Amino acid sequence: MDAVYNFLDKASGLIWGPPLLILLVGTGIFLTFRLGFIQLRLLPYSLKQVFSRKHSKKEDGDISQFQALMTAMAATVGVGNIVGVATAVFLGGPGAIFWMWLAGFFGMATKYGEAILAVKYRTKDANGQMAGGPMYYLEHGLKQKWLGIIFAIFGALAAFGIGNGTQSKAVADVMNSTFNVPHLLTGIALVIFGALVILGGIKSIGRVTAFFVPIMALFYFIAGAIIMIMNIHLVPEAFGLIFSDAFSGEAAAGGAIGAVIRFGVARGLFSNEAGMGSAPIAAAAAKTDMPGRQALISMTQVLFDTLIICSITGVTIVMSGQWKNKDIDAGALTAEAFGSFLGGAGPIIVAIGLVFFATSTILGWSYYGEKCFQYLFPKKQAVLAYRIFFVAFIIVGPLVSLDIVWLLADVLNGLMAIPNLIGLLGLSGVIVMETKRFKKKIEEEKEAAKLAQSAAVDSSSK
């Protein structure tokens with residue numbers, strides 16, 4: 001097992017080295033400029049679409065646009081938002097948060113591009129449900145089915161790592177250390193919950209995540225906001241340190257600026273999954289009239305995940321000063337930071353947040369893995385077998401050491417990103433074309449709204 005661990009450790013370091021990080025961020029920068037900084041120009045419209053209830057139920061799709069967003073949010077808001085950010089600050093210093101923000105900003109354009117292609121090239125499966133994602137736009141858009149097959153293989157396997165065993169392990173560990181709940185009992189509870197939701201398919205997952213995710217995100221956000229409001233005098237200093245250390249690297253391991261950038265970018269991308277190709281699988285299931293509409297909604301996922309939830313974790317840690325204490329394990333750093341402000345309630349809040357975040361990730365990734373598996377084996381019986389096996393595997397995480405599974409998940413996630421990024425760059429012209437088409441649609445909607453308003457005024461005056 002040591003040989004396997006060492007091999008995966010080297011493979012993970014090689015795959016997630018500078019070339020892939022540069023490609024991930026570079027793709028976001030490229031799309032940002034090609035789309036004219038769409039994440040700034042159309043962000044107000046995007047947020048309006050997220051919370052609008054005017055979406056037509058007659059459009060093709062399996063779940064509402066909001067449910068598709070929440071399913072993707074469920075998958076991305078996980079252990080990375082608490083432990084991943086803490087690790088970035090622990091190893092890279094406060095400046096890593098700035099680079100996490102920057103990666104998130106450009107990642108919004110990447111997420112937008114992924115969703116546009118996912119909706120444009122989605123198809124209906126034999127059961128009449130939507131099927132889409134990188135494997136479909138690699139096959140039908142880029143005309144490279146072999147890349148779609150490679151992505152699907154890595155995605156179907158990665159779901160058992162990043163979206164299953166590692167998440168259930170995190171839940172079991174925190175339930176045991178905080179509430180003294182046995183690992184086996186937590187595992188059984190997660191299997192039962194997973195079976196009730198996952199075996200019902202995307203409509204069941206969509207309903208649960210649409211209710212579940214906003215509550216858990218709001219809970220964690222309010223806790224962080226209370227800390228900042230109660231300690232408002234520390235906030236300017238914390239932000240000042242984040243910006244100053246981002247370009248000095250003095251607080252990083254070894255004082256290297258490269259470490260600040262690396263850990264900030266890597267953990268930010270690990271959290272929001274921009275460029276990995278997972279979230280567009282959920283976007284493809286949305287009921288929407290045009291690819292651009294769902295793409296704008298999907299783009300906000302990075303805003304909520306990285307620029308809000310991850311920031312709560314990162315800024316609180318910097319404010320607490322606990323990141324300087326190298327005797328604290330990186331995994332416990334967030335709990336220590338919250339505890340320094342809220343006393344005994346701090347670790348409990350973090351524990352509850354981690355339980356909700358990790359559990360939701362299991363739901364979201366079960367759908368991702370299922371759709372990748374369905375692309376390879378389209379028969380209904382095969383899909384049901386995958387769901388059952390995925391649910392059963394949840395029990396494995398709490399009962400075994402997952403060091404190798406974590407590394408395998410890192411390797412598979414990196415390998416997923418490569419064909420997906422090739423597709424995004426190769427089909428960037430399609431993304432631009434669909435964006436122009438939807439911008440024209442927005443103008444038509446605005447004009448129609450003005451005419452309707454004018455007609456209403458005329459009618460009332462009569």
# chains A, B, ... in the order shown; residues from 1 in each chain; ligands from 1

call {"tool": "closest_atom_pairs", "arguments": {"of": "segment 391-420 of chain A", "to": "segment 174-188 of chain A", "cutoff": "7 Å", "atoms": "only C-alpha atoms", "output": "Markdown table"}}
result
| residue | atom | partner | partner_atom | distance |
| --- | --- | --- | --- | --- |
| A:Ile394 | CA | A:Gly187 | CA | 6.8 |
| A:Ile395 | CA | A:Gly187 | CA | 4.8 |
| A:Pro398 | CA | A:His183 | CA | 5.5 |
| A:Leu399 | CA | A:His183 | CA | 6.6 |

call {"tool": "select_by_dssp", "arguments": {"residues": "segment 122-351 of chain A", "states": "strand (DSSP E or B)", "output": "number ranges by chain"}}
result
A: 123-124, 130-131, 286

call {"tool": "closest_residue", "arguments": {"among": "A:Phe219, A:Ser248, A:Ser298, A:Asp327", "to": "Leu47 of chain A", "atoms": "only C-alpha atoms"}}
result
A:Ser298

call {"tool": "residues_around", "arguments": {"residues": "Ile312 of chain A", "least_positions_apart": "3", "cutoff": "6 Å", "atoms": "only C-alpha atoms", "output": "list of chain:residue names"}}
result
A:Gly224, A:Ile309, A:Val315

call {"tool": "select_by_dssp", "arguments": {"residues": "segment 213-426 of chain A", "states": "alpha helix (DSSP H)", "output": "count of residues only"}}
result
156

call {"tool": "residues_around", "arguments": {"residues": "segment 147-158 of chain A", "least_positions_apart": "4", "cutoff": "10 Å", "atoms": "only C-alpha atoms", "output": "PyMOL selection string"}}
result
chain A and resi 133-140+142-143+162-164+276-278+365-376+386+405-406+408-420+422-423

call {"tool": "residues_around", "arguments": {"residues": "segment 328-332 of chain A", "least_positions_apart": "2", "cutoff": "7 Å", "atoms": "only C-alpha atoms", "output": "mmCIF file with C-alpha atoms, in the first residue's frame"}}
result
data_model
loop_
_atom_site.group_PDB
_atom_site.id
_atom_site.type_symbol
_atom_site.label_atom_id
_atom_site.label_comp_id
_atom_site.auth_asym_id
_atom_site.auth_seq_id
_atom_site.Cartn_x
_atom_site.Cartn_y
_atom_site.Cartn_z
ATOM 1 C CA VAL A 83 -10.773 22.500 5.522
ATOM 2 C CA ALA A 86 -7.857 26.571 6.175
ATOM 3 C CA THR A 87 -5.104 24.540 4.501
ATOM 4 C CA PHE A 90 -2.010 27.483 6.916
ATOM 5 C CA ASN A 325 0.050 28.731 15.450
ATOM 6 C CA LYS A 326 1.773 25.866 13.668
ATOM 7 C CA THR A 334 -11.306 26.811 11.154
ATOM 8 C CA ALA A 335 -12.828 25.389 14.355
ATOM 9 C CA GLU A 336 -10.073 27.020 16.420
#

call {"tool": "residues_around", "arguments": {"residues": "Phe193 of chain A", "least_positions_apart": "2", "cutoff": "12 Å", "atoms": "only C-alpha atoms", "output": "number ranges by chain"}}
result
A: 168, 186-191, 195-200, 204-205, 208, 359-360, 362-363, 391-392, 394-395

call {"tool": "write_last_selection", "arguments": {"atoms": "N, CA, C and O atoms", "output": "mmCIF file, in the first residue's frame"}}
result
data_model
loop_
_atom_site.group_PDB
_atom_site.id
_atom_site.type_symbol
_atom_site.label_atom_id
_atom_site.label_comp_id
_atom_site.auth_asym_id
_atom_site.auth_seq_id
_atom_site.Cartn_x
_atom_site.Cartn_y
_atom_site.Cartn_z
ATOM 1 N N SER A 168 -18.068 11.397 3.419
ATOM 2 C CA SER A 168 -18.658 10.649 4.534
ATOM 3 C C SER A 168 -17.649 10.465 5.661
ATOM 4 O O SER A 168 -18.015 10.461 6.843
ATOM 5 N N THR A 186 -22.850 6.998 12.225
ATOM 6 C CA THR A 186 -22.900 8.080 11.238
ATOM 7 C C THR A 186 -22.969 7.511 9.828
ATOM 8 O O THR A 186 -23.741 7.995 8.988
ATOM 9 N N GLY A 187 -22.162 6.493 9.576
ATOM 10 C CA GLY A 187 -22.155 5.869 8.257
ATOM 11 C C GLY A 187 -23.512 5.296 7.887
ATOM 12 O O GLY A 187 -23.995 5.470 6.760
ATOM 13 N N ILE A 188 -24.162 4.614 8.832
ATOM 14 C CA ILE A 188 -25.482 4.029 8.579
ATOM 15 C C ILE A 188 -26.505 5.129 8.293
ATOM 16 O O ILE A 188 -27.322 5.019 7.370
ATOM 17 N N ALA A 189 -26.454 6.205 9.078
ATOM 18 C CA ALA A 189 -27.388 7.324 8.883
ATOM 19 C C ALA A 189 -27.210 7.952 7.507
ATOM 20 O O ALA A 189 -28.202 8.281 6.827
ATOM 21 N N LEU A 190 -25.961 8.110 7.075
ATOM 22 C CA LEU A 190 -25.693 8.696 5.764
ATOM 23 C C LEU A 190 -26.173 7.783 4.631
ATOM 24 O O LEU A 190 -26.685 8.262 3.610
ATOM 25 N N VAL A 191 -26.014 6.485 4.810
ATOM 26 C CA VAL A 191 -26.480 5.533 3.798
ATOM 27 C C VAL A 191 -28.000 5.605 3.661
ATOM 28 O O VAL A 191 -28.539 5.633 2.547
ATOM 29 N N ALA A 195 -29.845 6.888 0.363
ATOM 30 C CA ALA A 195 -30.764 6.008 -0.371
ATOM 31 C C ALA A 195 -32.100 6.700 -0.616
ATOM 32 O O ALA A 195 -32.665 6.611 -1.710
ATOM 33 N N LEU A 196 -32.602 7.412 0.394
ATOM 34 C CA LEU A 196 -33.898 8.084 0.268
ATOM 35 C C LEU A 196 -33.886 9.156 -0.816
ATOM 36 O O LEU A 196 -34.885 9.387 -1.489
ATOM 37 N N VAL A 197 -32.737 9.808 -0.989
ATOM 38 C CA VAL A 197 -32.654 10.912 -1.945
ATOM 39 C C VAL A 197 -32.098 10.458 -3.298
ATOM 40 O O VAL A 197 -32.698 10.695 -4.348
ATOM 41 N N ILE A 198 -30.959 9.796 -3.281
ATOM 42 C CA ILE A 198 -30.229 9.468 -4.514
ATOM 43 C C ILE A 198 -30.980 8.474 -5.391
ATOM 44 O O ILE A 198 -31.011 8.619 -6.623
ATOM 45 N N LEU A 199 -31.612 7.466 -4.800
ATOM 46 C CA LEU A 199 -32.298 6.445 -5.603
ATOM 47 C C LEU A 199 -33.494 7.020 -6.351
ATOM 48 O O LEU A 199 -33.980 6.435 -7.314
ATOM 49 N N GLY A 200 -33.958 8.197 -5.938
ATOM 50 C CA GLY A 200 -35.063 8.852 -6.631
ATOM 51 C C GLY A 200 -34.635 9.621 -7.862
ATOM 52 O O GLY A 200 -35.494 10.147 -8.597
ATOM 53 N N SER A 204 -35.523 14.075 -7.370
ATOM 54 C CA SER A 204 -35.455 13.957 -5.922
ATOM 55 C C SER A 204 -34.278 14.769 -5.382
ATOM 56 O O SER A 204 -34.416 15.511 -4.401
ATOM 57 N N ILE A 205 -33.129 14.647 -6.024
ATOM 58 C CA ILE A 205 -31.943 15.392 -5.612
ATOM 59 C C ILE A 205 -32.186 16.890 -5.732
ATOM 60 O O ILE A 205 -31.835 17.672 -4.838
ATOM 61 N N VAL A 208 -34.483 18.226 -2.878
ATOM 62 C CA VAL A 208 -33.809 18.254 -1.578
ATOM 63 C C VAL A 208 -32.757 19.352 -1.526
ATOM 64 O O VAL A 208 -32.681 20.112 -0.554
ATOM 65 N N THR A 359 -22.368 16.413 3.399
ATOM 66 C CA THR A 359 -23.522 15.588 3.026
ATOM 67 C C THR A 359 -24.119 16.049 1.702
ATOM 68 O O THR A 359 -24.499 15.231 0.853
ATOM 69 N N SER A 360 -24.193 17.360 1.520
ATOM 70 C CA SER A 360 -24.746 17.882 0.270
ATOM 71 C C SER A 360 -23.853 17.524 -0.915
ATOM 72 O O SER A 360 -24.346 17.277 -2.021
ATOM 73 N N ILE A 362 -22.200 14.816 -1.318
ATOM 74 C CA ILE A 362 -22.519 13.430 -1.685
ATOM 75 C C ILE A 362 -23.703 13.390 -2.654
ATOM 76 O O ILE A 362 -23.681 12.663 -3.655
ATOM 77 N N LEU A 363 -24.719 14.208 -2.378
ATOM 78 C CA LEU A 363 -25.904 14.233 -3.248
ATOM 79 C C LEU A 363 -25.558 14.740 -4.646
ATOM 80 O O LEU A 363 -25.944 14.140 -5.655
ATOM 81 N N VAL A 391 -24.561 4.494 -3.194
ATOM 82 C CA VAL A 391 -25.140 4.625 -1.854
ATOM 83 C C VAL A 391 -24.453 3.659 -0.882
ATOM 84 O O VAL A 391 -24.114 4.036 0.249
ATOM 85 N N ALA A 392 -24.240 2.429 -1.310
ATOM 86 C CA ALA A 392 -23.604 1.434 -0.440
ATOM 87 C C ALA A 392 -22.174 1.837 -0.082
ATOM 88 O O ALA A 392 -21.700 1.584 1.038
ATOM 89 N N ILE A 394 -21.024 4.657 0.564
ATOM 90 C CA ILE A 394 -20.973 5.716 1.576
ATOM 91 C C ILE A 394 -20.481 5.178 2.920
ATOM 92 O O ILE A 394 -19.774 5.865 3.659
ATOM 93 N N ILE A 395 -20.828 3.941 3.240
ATOM 94 C CA ILE A 395 -20.458 3.344 4.527
ATOM 95 C C ILE A 395 -18.953 3.108 4.637
ATOM 96 O O ILE A 395 -18.396 3.009 5.739
#

call {"tool": "closest_residue", "arguments": {"among": "A:Thr435, A:Ser46, A:Thr76, A:Thr361", "to": "Phe270 of chain A", "atoms": "only C-alpha atoms"}}
result
A:Thr76

call {"tool": "residues_around", "arguments": {"residues": "Leu43 of chain A", "least_positions_apart": "2", "cutoff": "12 Å", "atoms": "only C-alpha atoms", "output": "NGL selection string"}}
result
:A and (37-41 or 45-50 or 105 or 108-109 or 112 or 293 or 295-303)

call {"tool": "atom_distance", "arguments": {"atom1": "atom CA of Ile404 of chain A", "atom2": "atom CA of Val171 of chain A"}}
result
17.9 Å

call {"tool": "atom_distance", "arguments": {"atom1": "atom CA of Val383 of chain A", "atom2": "atom CA of Gln144 of chain A"}}
result
23.9 Å

call {"tool": "closest_residue", "arguments": {"among": "A:Met290, A:Leu23, A:Ala217, A:Val4", "to": "Glu59 of chain A", "atoms": "only C-alpha atoms"}}
result
A:Met290

call {"tool": "closest_residue", "arguments": {"among": "A:Ile317, A:Ala172, A:Ala284, A:Ile308", "to": "Leu234 of chain A", "atoms": "only C-alpha atoms"}}
result
A:Ile317

call {"tool": "atom_distance", "arguments": {"atom1": "atom CA of Phe98 of chain A", "atom2": "atom CA of Gly264 of chain A"}}
result
7.2 Å
